[in-house]
Amino acid sequence: MAVNGFKLTLFFLFIIAYGYWESHVNIADFINTSSSYSHLVKDVFILAGQSNMAGRGGVIDRNWDGIIPTEIQASPGKILRLGGDLSWEDAAEPLHADIDINKTCGVGPGMAFAHALLRGDPRRFPVVGLVPCAIGGSGIDEWSRGGRHYQRLVRRAAVAVEGGGEIKAVLWFQGERDTINITDAESYKGKLQKLYIDLRTDLKSPVLPVIQVALASGEGDYVEKVREAQLGILLPNVITVDAKGLQLQPDGLHLSTHAQVQVGEMLAHAYSTYRLFSLVTRD
C-alpha cells in the first residue's frame with residue numbers, strides 16, 4: 001500500500017507540474033526550431049538574380065529605413081527561408097541580408113510573393129520555403145554554369161529539398177547590369193535561355209517553371225534591348241511579369257518598397273495562374 005501511495009503521489013505531482021508547464025510555456029516556440037523545420041514538407045522557391053531580387057526597397061544611400069509593410073511581416077512556421085548557414089528559419093526581411101553580404105539589403109519581392117500564395121490558397125501551401133540566392137550587381141555571365149553564383153544556387157537548392165520538399169519554381173530578376181554595353185545587351189537572350197536550360201538540367205526538373213521579371217530600369221542605356229531579350233524567351237514554362245513603370249527609389253535603379261510588394265504579388269499571381277492552367281490541361 002505504501003508503494004502504491006507513493007506512485008499515486010508522484011502521479012499527482014506530475015499532473016500539477018505538467019499543468020504549470022503547459023500554462024507557462026509556448027509550445028509552438030518549443031517545437032518550431034530550425035532543426036524541426038528541416039523536416040517539414042515545403043513548397044520551395046528559388047530567389048535569384050541581382051539587386052532588385054535581393055531587395056533594395058527602403059535603402060537610400062546604403063541605409064535601410066527598416067520599414068516592413070504589414071502585409072509582408074514574418075509568418076512563423078508558414079514562411080521559411082534557407083539562411084546563409086544552410087539551415088531553415090522563419091523568413092523575415094531583409095531576406096538576403098546574409099546572402100548578398102557586400103551590399104545593404106532591404107525589402108525585396110520574396111515575402112510578398114509568399115504571402116500572396118498563402119492568401120490565395122492556404123491549404124495548398126502549408127509551408128512556403130524561400131531560398132535567397134540573388135547577388136547585387138551581378139551580370140548574366142556571372143550566372144553561367146560553373147560560375148560561383150550558379151554553383152551556390154545549385155548547392156542551396158539541393159539542401160533545400162533534403163528532409164522533405166520540392167522545388168516549385170525559380171523566380172528570376174536580373175539584367176540591369178547587362179544594360180551597360182551593347183555587346184552584353186545583344187548577347188543577353190542566348191545566355192539567359194542557356195541559364196534556364198542548365199538550371200532545369202542540374203535541378204533535375206526538365207519543365208521547372210521559371211518566372212522572370214522584365215526590367216523596370218538599368219545601369220546603362222540598353223534597357224530596352226535587354227527587355228526585348230527577356231520578353232522574347234520562348235522556352236516552355238517561362239513566364240514573364242513586367243516591372244516597367246513601377247516606382248523606383250531616388251537612385252532611379254532600384255524598386256521602392258511598395259513596388260517590391262507589387263512585384264512579389266505579380267510573381268505569385270503568375271505562378272498560381274500557371275499552376276491552375278497545368279491542372280486543367282492535365283485533367
# chains A, B, ... in the order shown; residues from 1 in each chain; ligands from 1
$ residues_around --residues "A:Gly136" --least-positions-apart "3" --cutoff "12 Å" --atoms "only C-alpha atoms" --output "PyMOL selection string"
chain A and resi 48-56+96-97+99-106+108+133+139-140+142+149+173-177+253-254
$ select_by_dssp --residues "stretch 34-256 of chain A" --states "helix (DSSP H, G or I)" --output "PyMOL selection string"
chain A and resi 34-37+51-54+70-72+110-120+140-143+148-160+176-179+182-202+223-231
$ closest_residue --among "A:Ala160, A:Leu86, A:Leu255, A:Ile72" --to "A:Leu118" --atoms "only C-alpha atoms"
A:Ile72
$ closest_residue --among "A:Ser38, A:Ser138, A:Ser205, A:Asn63" --to "A:Glu89" --atoms "only C-alpha atoms"
A:Ser38
$ residues_around --residues "A:Glu162" --least-positions-apart "6" --cutoff "10 Å" --atoms "only C-alpha atoms" --output "ChimeraX atom specification"
/A:38-41
